>>> print(open('data_33.cif').read())   # mmCIF, C-alpha atoms
data_entry
#
loop_
_atom_site.group_PDB
_atom_site.id
_atom_site.type_symbol
_atom_site.label_atom_id
_atom_site.label_comp_id
_atom_site.auth_asym_id
_atom_site.auth_seq_id
_atom_site.Cartn_x
_atom_site.Cartn_y
_atom_site.Cartn_z
ATOM 1 C CA MET A 1 117.734 98.411 85.479
ATOM 2 C CA SER A 2 120.598 99.409 87.803
ATOM 3 C CA ASP A 3 122.991 98.733 84.916
ATOM 4 C CA HIS A 4 121.153 101.309 82.762
ATOM 5 C CA PRO A 5 123.404 104.298 81.885
ATOM 6 C CA ALA A 6 120.859 106.762 83.297
ATOM 7 C CA PHE A 7 120.537 104.900 86.614
ATOM 8 C CA ASP A 8 123.419 106.469 88.587
ATOM 9 C CA PRO A 9 122.678 110.089 87.538
ATOM 10 C CA THR A 10 118.988 109.533 88.307
ATOM 11 C CA VAL A 11 119.801 108.136 91.746
ATOM 12 C CA ALA A 12 122.121 111.078 92.453
ATOM 13 C CA ALA A 13 119.413 113.556 91.420
ATOM 14 C CA LEU A 14 116.815 111.811 93.609
ATOM 15 C CA ARG A 15 119.104 111.871 96.646
ATOM 16 C CA ARG A 16 119.811 115.575 96.039
ATOM 17 C CA MET A 17 116.073 116.316 95.806
ATOM 18 C CA LEU A 18 115.363 114.486 99.046
ATOM 19 C CA VAL A 19 117.987 116.505 100.930
ATOM 20 C CA ASN A 20 117.826 119.913 99.219
ATOM 21 C CA ASP A 21 114.137 120.177 98.282
ATOM 22 C CA LEU A 22 112.390 117.972 100.845
ATOM 23 C CA PHE A 23 114.812 118.645 103.703
ATOM 24 C CA VAL A 24 115.203 115.084 104.950
ATOM 25 C CA GLU A 25 117.772 114.872 107.715
ATOM 26 C CA VAL A 26 119.691 111.949 106.240
ATOM 27 C CA PRO A 27 122.789 113.045 104.257
ATOM 28 C CA GLU A 28 122.731 112.206 100.522
ATOM 29 C CA GLU A 29 125.579 109.703 100.778
ATOM 30 C CA LYS A 30 123.792 107.849 103.606
ATOM 31 C CA ILE A 31 120.535 107.271 101.688
ATOM 32 C CA GLY A 32 120.760 103.675 100.521
ATOM 33 C CA LEU A 33 119.261 102.473 97.259
ATOM 34 C CA ASP A 34 116.781 100.267 99.073
ATOM 35 C CA ASP A 35 116.221 102.321 102.230
ATOM 36 C CA GLY A 36 112.522 102.824 102.882
ATOM 37 C CA LEU A 37 111.717 106.434 102.090
ATOM 38 C CA GLN A 38 109.058 106.485 104.789
ATOM 39 C CA THR A 39 110.577 104.172 107.391
ATOM 40 C CA VAL A 40 114.293 105.021 107.081
ATOM 41 C CA VAL A 41 114.456 108.442 105.413
ATOM 42 C CA GLY A 42 111.372 109.795 107.193
ATOM 43 C CA LEU A 43 109.339 111.113 104.269
ATOM 44 C CA ASP A 44 105.692 111.833 105.104
ATOM 45 C CA SER A 45 102.629 111.860 102.851
ATOM 46 C CA ILE A 46 103.124 115.493 101.844
ATOM 47 C CA GLY A 47 106.775 114.735 101.094
ATOM 48 C CA PHE A 48 105.762 111.902 98.778
ATOM 49 C CA SER A 49 103.371 114.198 96.905
ATOM 50 C CA GLU A 50 106.087 116.830 96.568
ATOM 51 C CA LEU A 51 108.577 114.181 95.420
ATOM 52 C CA ARG A 52 106.176 113.098 92.682
ATOM 53 C CA ILE A 53 105.935 116.687 91.392
ATOM 54 C CA LEU A 54 109.694 117.228 91.669
ATOM 55 C CA CYS A 55 110.341 114.040 89.675
ATOM 56 C CA GLU A 56 107.885 115.083 86.974
ATOM 57 C CA ARG A 57 109.585 118.462 86.609
ATOM 58 C CA LYS A 58 113.199 117.337 86.950
ATOM 59 C CA PHE A 59 112.968 114.297 84.678
ATOM 60 C CA ASN A 60 110.296 115.626 82.322
ATOM 61 C CA VAL A 61 107.943 112.676 82.865
ATOM 62 C CA GLN A 62 104.274 112.311 83.739
ATOM 63 C CA ILE A 63 103.680 110.003 86.708
ATOM 64 C CA SER A 64 100.147 108.667 86.424
ATOM 65 C CA ASP A 65 98.039 107.758 89.429
ATOM 66 C CA ASP A 66 98.554 104.112 88.420
ATOM 67 C CA ASP A 67 102.337 104.573 88.678
ATOM 68 C CA TYR A 68 102.179 106.670 91.852
ATOM 69 C CA THR A 69 102.015 103.711 94.213
ATOM 70 C CA PRO A 70 103.631 102.974 97.573
ATOM 71 C CA ASP A 71 105.566 100.177 95.861
ATOM 72 C CA ASN A 72 107.016 102.434 93.136
ATOM 73 C CA PHE A 73 107.852 105.147 95.672
ATOM 74 C CA SER A 74 109.249 102.903 98.409
ATOM 75 C CA SER A 75 112.949 103.539 97.732
ATOM 76 C CA VAL A 76 115.381 105.512 95.608
ATOM 77 C CA ARG A 77 115.990 102.410 93.464
ATOM 78 C CA ARG A 78 112.252 101.983 92.772
ATOM 79 C CA ILE A 79 111.735 105.622 91.827
ATOM 80 C CA ALA A 80 114.827 105.659 89.604
ATOM 81 C CA THR A 81 113.604 102.507 87.848
ATOM 82 C CA LEU A 82 110.152 104.066 87.340
ATOM 83 C CA VAL A 83 111.587 107.331 85.989
ATOM 84 C CA ILE A 84 113.854 105.509 83.521
ATOM 85 C CA LYS A 85 110.924 103.367 82.376
ATOM 86 C CA LEU A 86 108.725 106.436 81.873
ATOM 87 C CA LYS A 87 111.438 108.244 79.941
ATOM 88 C CA GLY A 88 111.709 105.224 77.668
ATOM 89 C CA THR A 89 115.487 105.550 77.467
#
>>> encode(input="data_33.cif", output="structure tokens")
Amino acid sequence: MSDHPAFDPTVAALRRMLVNDLFVEVPEEKIGLDDGLQTVVGLDSIGFSELRILCERKFNVQISDDDYTPDNFSSVRRIATLVIKLKGT
């Protein structure tokens, strides 16, 4: 999925959201694709809920409760992959 044309712009948008909307203290360029959003980036449960809503609005997708799992929201790569899958592009 990381070779998908929408992958890099999606990753960039996710990193921007984490820093600008959720106020994580890690700079955008330092958030690795596979960094744990809870363990490395420091997102808490409220942050994950807000991130879900931000993704739905920004990417115009509906993230079902079945898709809103710790596994799918564990890293920027996982969320980007989920968003691209939901967009069906």
>>> closest_residue(input="data_33.cif", among="A:Lys85, A:Asn20, A:Val11, A:Ser75", to="Val41 of chain A", atoms="all atoms listed in the file")
A:Ser75
>>> residues_around(input="data_33.cif", residues="Val61 of chain A", least_positions_apart="5", cutoff="9 Å", atoms="all atoms listed in the file", output="ChimeraX atom specification")
/A:55-56,83,86-87
>>> atom_distance(input="data_33.cif", atom1="atom CA of Pro27 of chain A", atom2="atom CA of Phe48 of chain A")
17.9 Å
>>> residues_around(input="data_33.cif", residues="Asp71 of chain A", least_positions_apart="5", cutoff="12 Å", atoms="only C-alpha atoms", output="PyMOL selection string")
chain A and resi 34+36-38+66+76-79+81-82
>>> write_last_selection(input="data_33.cif", atoms="C-alpha atoms", output="PDB file, keeping the file's coordinate frame")
ATOM      1  CA  ASP A  34     116.781 100.267  99.073  1.00  0.00           C
ATOM      2  CA  GLY A  36     112.522 102.824 102.882  1.00  0.00           C
ATOM      3  CA  LEU A  37     111.717 106.434 102.090  1.00  0.00           C
ATOM      4  CA  GLN A  38     109.058 106.485 104.789  1.00  0.00           C
ATOM      5  CA  ASP A  66      98.554 104.112  88.420  1.00  0.00           C
ATOM      6  CA  VAL A  76     115.381 105.512  95.608  1.00  0.00           C
ATOM      7  CA  ARG A  77     115.990 102.410  93.464  1.00  0.00           C
ATOM      8  CA  ARG A  78     112.252 101.983  92.772  1.00  0.00           C
ATOM      9  CA  ILE A  79     111.735 105.622  91.827  1.00  0.00           C
ATOM     10  CA  THR A  81     113.604 102.507  87.848  1.00  0.00           C
ATOM     11  CA  LEU A  82     110.152 104.066  87.340  1.00  0.00           C
TER      12      LEU A  82
END
>>> atom_distance(input="data_33.cif", atom1="atom CA of Asp67 of chain A", atom2="atom CA of Asp44 of chain A")
18.3 Å
>>> axis_aligned_box(input="data_33.cif", around="segment 15-19 of chain A", padding_each_side="5 Å", output="JSON")
{"center_x": 117.6, "center_y": 114.2, "center_z": 98.4, "size_x": 14.4, "size_y": 14.6, "size_z": 15.1}
>>> atom_distance(input="data_33.cif", atom1="atom CA of Leu22 of chain A", atom2="atom CA of Asn60 of chain A")
18.8 Å
>>> closest_residue(input="data_33.cif", among="A:Val26, A:Ile84, A:Leu43, A:Ile53", to="Thr10 of chain A", atoms="all atoms listed in the file")
A:Ile84
>>> residues_around(input="data_33.cif", residues="Ala12 of chain A", least_positions_apart="4", cutoff="10 Å", atoms="all atoms listed in the file", output="list in words")
Phe7, Asp8, Arg16, Met17, Glu28, Glu29, Val76 and Ala80 of chain A
>>> residues_around(input="data_33.cif", residues="Val24 of chain A", least_positions_apart="5", cutoff="7 Å", atoms="all atoms listed in the file", output="ChimeraX atom specification")
/A:18-19,41-42
